[in-house]
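What follows is the content of structure03.cif, which has mmCIF, C-alpha atoms and all ligand atoms:
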data_protein
loop_
_atom_site.label_atom_id
_atom_site.label_comp_id
_atom_site.auth_asym_id
_atom_site.auth_seq_id
_atom_site.Cartn_x
_atom_site.Cartn_y
_atom_site.Cartn_z
CA MET A 269 127.69 65.44 110.31
CA LYS A 270 125.66 68.60 109.63
CA PRO A 271 126.99 71.66 111.48
CA ARG A 272 124.73 73.17 114.12
CA VAL A 273 123.75 76.75 113.24
CA LEU A 274 122.26 78.93 115.94
CA VAL A 275 120.10 81.70 114.49
CA TYR A 276 119.65 84.41 117.12
CA THR A 277 117.73 87.65 116.75
CA LYS A 278 116.59 89.88 119.56
CA TYR A 279 113.60 90.85 117.39
CA SER A 280 111.24 87.99 118.14
CA THR A 281 108.81 89.01 115.40
CA ASP A 282 111.55 88.36 112.81
CA LEU A 283 112.18 84.81 113.95
CA PRO A 284 109.37 83.05 112.03
CA ARG A 285 110.58 84.83 108.88
CA PHE A 286 114.14 83.58 109.42
CA VAL A 287 112.76 80.07 110.05
CA GLU A 288 110.93 80.24 106.74
CA MET A 289 113.91 81.67 104.84
CA LEU A 290 116.36 79.08 106.19
CA SER A 291 114.27 75.91 106.37
CA PRO A 292 114.88 74.92 102.71
CA ASP A 293 118.54 74.57 103.70
CA ALA A 294 117.86 72.21 106.59
CA ALA A 295 119.37 69.37 104.57
CA GLN A 296 122.77 71.00 104.86
CA ALA A 297 122.78 72.36 108.39
CA ASP A 298 121.06 71.71 111.66
CA PHE A 299 119.32 74.99 112.53
CA ALA A 300 118.33 76.08 116.04
CA PHE A 301 116.54 79.37 116.66
CA ALA A 302 116.49 81.70 119.65
CA THR A 303 115.48 85.23 120.61
CA THR A 304 116.73 85.20 124.21
CA PRO A 305 119.85 83.89 125.98
CA GLU A 306 117.60 81.37 127.78
CA GLU A 307 116.32 79.98 124.50
CA ALA A 308 119.86 79.86 123.13
CA ALA A 309 121.40 78.16 126.21
CA PRO A 310 120.71 74.49 125.34
CA HIS A 311 122.27 74.94 121.88
CA LEU A 312 125.49 76.68 122.89
CA PRO A 313 127.71 73.61 123.54
CA THR A 314 127.02 72.18 120.06
CA THR A 315 126.88 75.34 117.92
CA GLU A 316 129.50 75.72 115.20
CA ILE A 317 127.97 78.71 113.40
CA LEU A 318 126.25 81.69 115.01
CA TYR A 319 124.06 83.79 112.70
CA GLY A 320 122.93 86.54 114.95
CA TRP A 321 121.94 90.02 115.99
CA GLY A 322 121.69 91.46 119.49
CA PHE A 323 123.13 88.42 121.25
CA PRO A 324 125.11 88.97 124.45
CA LEU A 325 128.79 88.38 123.69
CA ALA A 326 129.13 86.54 127.02
CA MET A 327 127.11 83.77 125.36
CA THR A 328 130.17 82.78 123.33
CA LYS A 329 131.99 81.73 126.54
CA SER A 330 129.77 78.67 126.51
CA MET A 331 130.39 77.92 122.82
CA PRO A 332 133.58 75.84 122.64
CA ARG A 333 132.77 74.53 119.13
CA LEU A 334 132.11 77.94 117.61
CA LYS A 335 133.96 78.44 114.29
CA TRP A 336 132.13 81.25 112.53
CA ILE A 337 129.98 84.23 113.53
CA GLN A 338 127.94 85.91 110.80
CA LYS A 339 126.35 89.12 112.02
CA MET A 340 122.91 89.77 110.55
CA GLY A 341 123.75 93.46 110.20
CA ALA A 342 126.61 95.55 108.89
CA GLY A 343 127.91 96.66 112.30
CA VAL A 344 130.25 94.29 114.13
CA GLU A 345 131.73 96.51 116.84
CA ASP A 346 130.13 94.51 119.64
CA VAL A 347 132.20 91.52 118.52
CA SER A 348 135.24 92.97 116.75
CA GLY A 349 136.11 95.69 119.23
CA VAL A 350 136.25 93.55 122.35
CA LYS A 351 138.24 90.59 123.58
CA TRP A 352 136.39 87.32 123.92
CA PRO A 353 137.48 83.80 124.65
CA PHE A 354 137.59 82.10 121.24
CA LYS A 355 138.30 85.20 119.20
CA ASP A 356 141.44 84.00 117.42
CA SER A 357 139.92 80.78 116.19
CA VAL A 358 136.58 82.21 115.02
CA ILE A 359 135.89 83.83 111.65
CA LEU A 360 133.74 86.96 111.83
CA THR A 361 131.67 88.10 108.87
CA ARG A 362 129.16 90.91 108.52
CA THR A 363 126.24 91.42 106.17
CA ASP A 364 127.03 93.29 102.98
CA GLY A 365 125.94 96.90 103.56
CA ARG A 366 124.45 97.06 100.07
CA LEU A 367 121.60 94.84 101.27
CA ILE A 368 120.72 97.33 104.00
CA ALA A 369 121.57 100.49 102.06
CA PRO A 370 118.33 101.07 100.07
CA ARG A 371 116.24 101.76 103.18
CA MET A 372 119.01 103.84 104.75
CA VAL A 373 119.19 105.92 101.58
CA GLU A 374 115.46 106.62 101.89
CA TYR A 375 115.90 107.57 105.55
CA VAL A 376 118.66 110.07 104.77
CA LEU A 377 116.78 111.47 101.76
CA ALA A 378 113.71 112.01 103.94
CA ALA A 379 115.79 113.76 106.62
CA VAL A 380 117.28 116.15 104.06
CA LEU A 381 114.06 116.69 102.12
CA ARG A 382 112.14 117.57 105.29
CA ARG A 383 114.57 120.47 105.66
CA THR A 384 114.70 121.60 102.03
CA LEU A 385 110.89 121.33 101.74
CA LYS A 386 110.59 123.33 104.97
CA THR A 387 107.93 121.02 106.33
CA GLU A 388 108.06 122.68 109.73
CA ALA A 389 107.14 126.07 108.23
CA THR A 390 104.43 124.66 105.95
CA ASP A 391 102.93 122.59 108.78
CA SER A 392 102.80 125.73 110.86
CA LEU A 393 100.97 127.60 108.06
CA ARG A 394 98.47 124.79 107.92
CA ARG A 395 97.95 124.75 111.68
CA ARG A 396 97.18 128.49 111.49
CA ARG A 397 94.93 128.00 108.40
CA GLU A 398 97.11 130.55 106.68
CA TRP A 399 97.46 130.56 102.87
CA GLY A 400 100.97 131.95 103.08
CA TYR A 401 104.06 131.73 100.91
CA VAL A 402 107.22 129.89 101.83
CA GLU A 403 110.05 129.63 99.31
CA LEU A 404 110.97 125.97 99.32
CA GLY A 405 114.58 124.92 98.98
CA SER A 406 116.00 122.18 96.80
CA VAL A 407 118.68 119.56 97.22
CA ARG A 408 120.24 121.12 94.12
CA GLN A 409 121.28 124.02 96.35
CA GLU A 410 122.81 121.68 98.93
CA THR A 411 126.27 120.24 99.38
CA ILE A 412 125.81 116.85 100.96
CA GLY A 413 128.91 115.70 102.82
CA ILE A 414 129.09 111.96 103.39
CA ALA A 415 131.54 110.69 105.97
CA GLY A 416 132.10 107.02 105.17
CA LEU A 417 131.97 105.89 101.56
CA GLY A 418 131.63 102.17 102.11
CA GLU A 419 128.84 99.96 100.89
CA ILE A 420 126.16 102.19 102.42
CA GLY A 421 127.69 105.66 102.13
CA SER A 422 128.36 105.19 98.40
CA GLU A 423 124.69 104.43 97.80
CA VAL A 424 123.66 107.54 99.75
CA ALA A 425 126.07 109.57 97.61
CA LYS A 426 124.65 108.20 94.35
CA ALA A 427 121.07 108.99 95.38
CA PHE A 428 121.87 112.64 96.13
CA ARG A 429 123.92 113.01 92.96
CA ALA A 430 120.96 111.67 90.99
CA LEU A 431 118.83 114.46 92.48
CA GLY A 432 121.35 117.09 91.44
CA ALA A 433 122.99 117.82 94.80
CA LYS A 434 126.69 118.48 95.04
CA VAL A 435 128.17 115.58 96.98
CA VAL A 436 131.47 115.58 98.83
CA GLY A 437 132.89 112.61 100.68
CA TRP A 438 135.30 111.80 103.46
CA ARG A 439 136.99 108.46 104.00
CA ARG A 440 140.09 107.03 105.68
CA SER A 441 141.79 105.93 102.46
CA ASP A 442 142.10 107.58 99.06
CA THR A 443 140.28 104.73 97.30
CA PRO A 444 138.85 106.22 94.07
CA SER A 445 135.30 107.40 94.79
CA PRO A 446 133.57 108.30 91.52
CA GLU A 447 130.22 108.73 93.31
CA VAL A 448 131.34 112.04 94.89
CA ASP A 449 132.24 115.38 93.32
CA ARG A 450 135.11 115.84 95.70
CA LEU A 451 136.87 113.50 98.10
CA PHE A 452 138.58 114.45 101.36
CA VAL A 453 140.85 111.89 102.96
CA GLY A 454 141.95 111.02 106.49
CA PRO A 455 142.30 113.17 109.60
CA GLU A 456 144.04 115.94 107.61
CA GLY A 457 141.05 116.24 105.25
CA LEU A 458 138.37 116.35 107.93
CA ARG A 459 138.19 120.09 108.60
CA ASP A 460 137.91 121.02 104.92
CA PHE A 461 135.33 118.30 104.41
CA LEU A 462 133.22 119.57 107.30
CA SER A 463 133.44 123.19 106.23
CA SER A 464 132.33 122.38 102.68
CA ALA A 465 129.01 120.67 103.47
CA SER A 466 125.57 122.10 104.25
CA THR A 467 124.49 118.65 105.45
CA VAL A 468 126.95 116.20 107.00
CA VAL A 469 125.85 112.57 106.93
CA LEU A 470 127.73 110.09 109.15
CA VAL A 471 127.77 106.58 107.70
CA LEU A 472 130.86 105.31 109.50
CA PRO A 473 131.36 102.17 111.56
CA LYS A 474 132.33 102.35 115.22
CA THR A 475 136.08 101.74 115.49
CA ASP A 476 138.92 103.09 117.63
CA GLU A 477 139.58 105.63 114.85
CA THR A 478 136.02 106.94 114.50
CA ARG A 479 135.17 107.29 118.19
CA ARG A 480 134.09 110.90 118.95
CA LEU A 481 135.15 112.01 115.47
CA ILE A 482 132.57 114.77 115.72
CA GLY A 483 133.68 116.52 118.88
CA ARG A 484 134.28 120.16 119.81
CA GLU A 485 137.06 120.66 117.28
CA ALA A 486 135.09 119.17 114.40
CA LEU A 487 131.98 121.12 115.36
CA ALA A 488 134.01 124.33 115.26
CA ALA A 489 134.83 123.52 111.62
CA VAL A 490 131.30 122.89 110.30
CA ARG A 491 129.37 125.46 108.29
CA PRO A 492 127.23 127.52 110.67
CA GLY A 493 123.70 126.09 110.67
CA VAL A 494 124.78 122.71 109.26
CA HIS A 495 122.37 119.77 109.36
CA LEU A 496 124.03 116.74 110.96
CA VAL A 497 122.57 113.33 110.14
CA ASN A 498 123.91 110.29 112.00
CA VAL A 499 122.96 106.84 110.74
CA GLY A 500 126.34 105.27 111.62
CA ARG A 501 126.94 104.79 115.31
CA GLY A 502 126.29 107.03 118.30
CA ASP A 503 129.90 106.90 119.42
CA LEU A 504 130.95 108.93 116.37
CA VAL A 505 129.59 112.03 118.08
CA ASP A 506 130.52 113.74 121.34
CA GLU A 507 126.92 114.24 122.42
CA PRO A 508 127.45 116.99 125.06
CA ALA A 509 129.48 118.94 122.47
CA LEU A 510 126.68 118.49 119.92
CA LEU A 511 124.10 119.77 122.41
CA GLU A 512 126.22 122.90 122.96
CA ALA A 513 126.56 123.36 119.19
CA LEU A 514 122.79 123.00 118.70
CA ASP A 515 122.10 125.49 121.47
CA SER A 516 124.60 128.01 120.10
CA GLY A 517 123.21 127.62 116.57
CA ARG A 518 126.50 126.34 115.13
CA VAL A 519 124.59 123.19 114.21
CA GLY A 520 121.16 124.06 112.83
CA HIS A 521 119.58 120.64 113.18
CA ALA A 522 120.53 117.08 114.03
CA THR A 523 118.77 114.00 112.74
CA MET A 524 119.90 110.96 114.68
CA ASP A 525 119.08 107.30 114.50
CA VAL A 526 121.95 106.14 116.70
CA PHE A 527 123.17 107.21 120.13
CA ALA A 528 126.14 106.70 122.43
CA THR A 529 123.83 104.90 124.86
CA GLU A 530 121.03 102.77 123.45
CA PRO A 531 118.25 102.68 124.43
CA LEU A 532 118.53 106.46 124.85
CA PRO A 533 117.72 107.14 128.54
CA PRO A 534 114.27 108.76 129.00
CA GLU A 535 115.79 111.84 130.67
CA HIS A 536 118.16 112.55 127.77
CA PRO A 537 117.77 116.11 126.36
CA PHE A 538 117.67 114.83 122.74
CA TRP A 539 114.14 113.44 123.21
CA ASP A 540 112.47 116.83 123.22
CA HIS A 541 115.15 119.12 121.84
CA PRO A 542 113.51 121.46 119.28
CA LYS A 543 116.47 121.11 116.90
CA VAL A 544 116.63 117.33 117.01
CA SER A 545 114.77 114.73 114.94
CA MET A 546 115.34 111.21 116.13
CA THR A 547 114.40 107.58 115.74
CA PRO A 548 115.36 104.57 117.90
CA HIS A 549 118.03 102.92 115.70
CA LEU A 550 115.83 101.69 112.91
CA SER A 551 117.10 103.39 109.75
CA GLY A 552 118.77 100.21 108.48
CA PRO A 553 116.42 97.40 109.47
CA LEU A 554 117.66 93.83 109.04
CA ILE A 555 114.72 92.59 107.01
CA PRO A 556 115.04 88.77 106.99
CA GLU A 557 114.15 88.54 103.29
CA ASP A 558 116.87 91.12 102.48
CA VAL A 559 119.71 89.74 104.60
CA ALA A 560 119.23 85.96 104.89
CA PRO A 561 120.21 85.22 101.25
CA HIS A 562 123.65 86.69 102.00
CA PHE A 563 124.07 84.29 104.92
CA LEU A 564 122.93 81.35 102.79
CA ARG A 565 125.54 82.17 100.16
CA ASN A 566 128.22 82.33 102.84
CA LEU A 567 126.94 79.11 104.41
CA GLN A 568 127.29 77.37 101.06
CA ALA A 569 130.87 78.65 100.79
CA TYR A 570 131.59 77.51 104.35
CA LEU A 571 130.26 74.02 103.70
CA GLU A 572 132.30 73.76 100.50
CA ARG A 573 135.37 75.18 102.23
CA GLY A 574 135.22 78.11 99.83
CA THR A 575 135.82 81.82 100.43
CA LEU A 576 133.41 83.65 102.72
CA GLN A 577 132.28 87.15 101.74
CA ASN A 578 132.52 90.22 103.99
CA VAL A 579 135.05 88.78 106.40
CA VAL A 580 135.84 91.42 109.03
CA ASP A 581 139.39 92.75 108.93
CA PRO A 582 140.56 92.80 112.58
CA GLN A 583 142.88 95.75 111.85
CA ARG A 584 140.13 97.96 110.40
CA GLN A 585 137.53 96.56 112.82
CA TYR A 586 134.83 96.29 110.12
C1 LIG B 1 122.61 98.17 112.02
O1 LIG B 1 122.82 99.00 112.84
C2 LIG B 1 123.64 97.41 111.38
O2 LIG B 1 124.80 97.46 111.83
O3 LIG B 1 123.36 96.71 110.39
#

Could I get this structure in the form of structure tokens?
Amino acid sequence: MKPRVLVYTKYSTDLPRFVEMLSPDAAQADFAFATTPEEAAPHLPTTEILYGWGFPLAMTKSMPRLKWIQKMGAGVEDVSGVKWPFKDSVILTRTDGRLIAPRMVEYVLAAVLRRTLKTEATDSLRRRREWGYVELGSVRQETIGIAGLGEIGSEVAKAFRALGAKVVGWRRSDTPSPEVDRLFVGPEGLRDFLSSASTVVLVLPKTDETRRLIGREALAAVRPGVHLVNVGRGDLVDEPALLEALDSGRVGHATMDVFATEPLPPEHPFWDHPKVSMTPHLSGPLIPEDVAPHFLRNLQAYLERGTLQNVVDPQRQY
């Protein structure tokens, strides 16, 4: 019998694209599609494979036949970090970050280039119709510090190196990292890492170890005026401490795509803070055409009882 696959995305506009990408494989699996818990409900008792994004975890309580969850994105903290009924008998895989990385690289480059190209100052000249002079900076004068050198962080590092920036990295293990000029490792390397970078880019997953990594102590170690870019997860940052650091000038600017609470509440000070640039968690979009081929390869392996790629390590939580 063909296994039932429930494809769930909270982005309803993506659904027809997933239907198109997956329909050639209908001979091998019985696909059902949903964008809301109500649409998913009739399929839960029979689903063996959940390929999803933005589904409520409580849904899995009604999925006694579930054997494998493939997240459409790279982040799995909503599933890996919490207890749920069938956890021990279900395989959890995530999408290879390299499929999402190219757009995230562009996002981070744009964030840094806006600062080095002093777009705020040049826009202000233009608004005043003033033919003035502003000395533009260059990434070649920057030290880009990348916290998290996994599938995505490594690509960010390579892009900045290619533009001539000095790149330093921070990671939990001392895995060789040829894409950075200097590597700092583990909690004992964090302070030196932070003090060496003019821009700190967070590309870490949310785990018990990374929660509030950038708190008061870390912010006391950064270079004064540092640019903080967060494309990892909001929980990496102690947001009240960051606000204080922005207000005191310790942090010069923060570019954030992710927040401790999403959606960011309308009254949150980040929305109109003059030293904050922000977007609503869209730097690494899960473009169906980019990510579905990864699932199809894993599905093939699953059907042939082969080895699945990007299986989440429960110890590491990613
Ligand atoms: C997006 O946030 C992802 O985890 O892929």

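CA of Val424 (chain A) lies 10.0 Å from CA of Arg371 (chain A).
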
Each chain A residue no farther than 6 Å from ligand LIG 1 (chain B), nearest pair in Å, all atoms listed in the file, as JSON lines:
{"residue": "A:Gly341", "atom": "CA", "partner": "B:LIG1", "partner_atom": "O3", "distance": 3.3}
{"residue": "A:Ala342", "atom": "CA", "partner": "B:LIG1", "partner_atom": "O3", "distance": 3.8}
{"residue": "A:Gly343", "atom": "CA", "partner": "B:LIG1", "partner_atom": "O2", "distance": 3.2}
{"residue": "A:Gly552", "atom": "CA", "partner": "B:LIG1", "partner_atom": "C1", "distance": 5.6}

Quick one: residues within 12 Å of region 286-291 of chain A, all atoms listed in the file, excluding same-chain residues fewer than 5 positions away - as a ChimeraX atom specification? /A:273-277,279-281,296-303,319-320,340,554-565,567

Take the residues from that selection and write them out as a PDB file, in the frame of the given file, keeping C-alpha atoms.
ATOM      1  CA  VAL A 273     123.750  76.750 113.240  1.00  0.00           C
ATOM      2  CA  LEU A 274     122.260  78.930 115.940  1.00  0.00           C
ATOM      3  CA  VAL A 275     120.100  81.700 114.490  1.00  0.00           C
ATOM      4  CA  TYR A 276     119.650  84.410 117.120  1.00  0.00           C
ATOM      5  CA  THR A 277     117.730  87.650 116.750  1.00  0.00           C
ATOM      6  CA  TYR A 279     113.600  90.850 117.390  1.00  0.00           C
ATOM      7  CA  SER A 280     111.240  87.990 118.140  1.00  0.00           C
ATOM      8  CA  THR A 281     108.810  89.010 115.400  1.00  0.00           C
ATOM      9  CA  GLN A 296     122.770  71.000 104.860  1.00  0.00           C
ATOM     10  CA  ALA A 297     122.780  72.360 108.390  1.00  0.00           C
ATOM     11  CA  ASP A 298     121.060  71.710 111.660  1.00  0.00           C
ATOM     12  CA  PHE A 299     119.320  74.990 112.530  1.00  0.00           C
ATOM     13  CA  ALA A 300     118.330  76.080 116.040  1.00  0.00           C
ATOM     14  CA  PHE A 301     116.540  79.370 116.660  1.00  0.00           C
ATOM     15  CA  ALA A 302     116.490  81.700 119.650  1.00  0.00           C
ATOM     16  CA  THR A 303     115.480  85.230 120.610  1.00  0.00           C
ATOM     17  CA  TYR A 319     124.060  83.790 112.700  1.00  0.00           C
ATOM     18  CA  GLY A 320     122.930  86.540 114.950  1.00  0.00           C
ATOM     19  CA  MET A 340     122.910  89.770 110.550  1.00  0.00           C
ATOM     20  CA  LEU A 554     117.660  93.830 109.040  1.00  0.00           C
ATOM     21  CA  ILE A 555     114.720  92.590 107.010  1.00  0.00           C
ATOM     22  CA  PRO A 556     115.040  88.770 106.990  1.00  0.00           C
ATOM     23  CA  GLU A 557     114.150  88.540 103.290  1.00  0.00           C
ATOM     24  CA  ASP A 558     116.870  91.120 102.480  1.00  0.00           C
ATOM     25  CA  VAL A 559     119.710  89.740 104.600  1.00  0.00           C
ATOM     26  CA  ALA A 560     119.230  85.960 104.890  1.00  0.00           C
ATOM     27  CA  PRO A 561     120.210  85.220 101.250  1.00  0.00           C
ATOM     28  CA  HIS A 562     123.650  86.690 102.000  1.00  0.00           C
ATOM     29  CA  PHE A 563     124.070  84.290 104.920  1.00  0.00           C
ATOM     30  CA  LEU A 564     122.930  81.350 102.790  1.00  0.00           C
ATOM     31  CA  ARG A 565     125.540  82.170 100.160  1.00  0.00           C
ATOM     32  CA  LEU A 567     126.940  79.110 104.410  1.00  0.00           C
TER      33      LEU A 567
END

Considering all atoms listed in the file, return as JSON, numbers by chain whatever protein or nucleic-acid residues lie within 12 Å of Glu507 (chain A), sequence-local ones (same chain, fewer than 5 positions apart) excluded. {"A": [479, 480, 481, 482, 483, 484, 487, 498, 501, 502, 512, 513, 514, 522, 524, 526, 527, 528, 529, 532, 536, 537, 538]}

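In this structure, CA of Ser551 (chain A) sits 10.0 Å away from CA of Pro370 (chain A).
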
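Between Ala425 (chain A) and the residues A:Gln585, A:Thr390, A:Ser445, A:Gln409, the shortest atom-to-atom distance, using all atoms listed in the file, involves A:Ser445.
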
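Here CA of Val453 (chain A) stands at a distance of 9.9 Å from CA of Ala415 (chain A).
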
Using all atoms listed in the file, the best pick from A:Gly365, A:Arg408, A:Gly454, A:Ile420 as closest to Gly432 (chain A) would be A:Arg408

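With only C-alpha atoms as the atoms that count, the minimum distance from Arg584 (chain A) to the choices A:Leu472, A:Ala369, A:Ala433, A:Leu496 is reached by A:Leu472.
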
Neighbouring residues of Val579 (chain A) were defined as those with any atom within 10 Å, considering all atoms listed in the file; residues of the same chain fewer than 6 positions away were excluded. Please report them as a ChimeraX atom specification. /A:337-338,359-364,586

Residue nearest Ser348 (chain A) - candidates A:Pro542, A:Pro292, A:Gly437, A:Pro473, atoms counted: all atoms listed in the file: A:Pro473

Residue nearest Trp321 (chain A) among A:Gly405, A:Pro582, A:Pro553, A:Gly520 (counting all atoms listed in the file): A:Pro553

Proximity to Ser463 (chain A) - best of A:Pro271, A:Gly574, A:Gly416, A:Pro492, all atoms listed in the file: A:Pro492

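Shell of Pro455 (chain A) at 10 Å, with all atoms listed in the file counted and residues fewer than 6 places along the chain excluded, is A:Trp438, A:Arg439, A:Arg440, A:Glu477, A:Leu481.
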
Write out as number ranges by chain each polymer residue whose atoms come within 9 Å of Lys386 (chain A), counting all atoms listed in the file; drop sequence neighbours fewer than 6 positions from it. A: 402-405
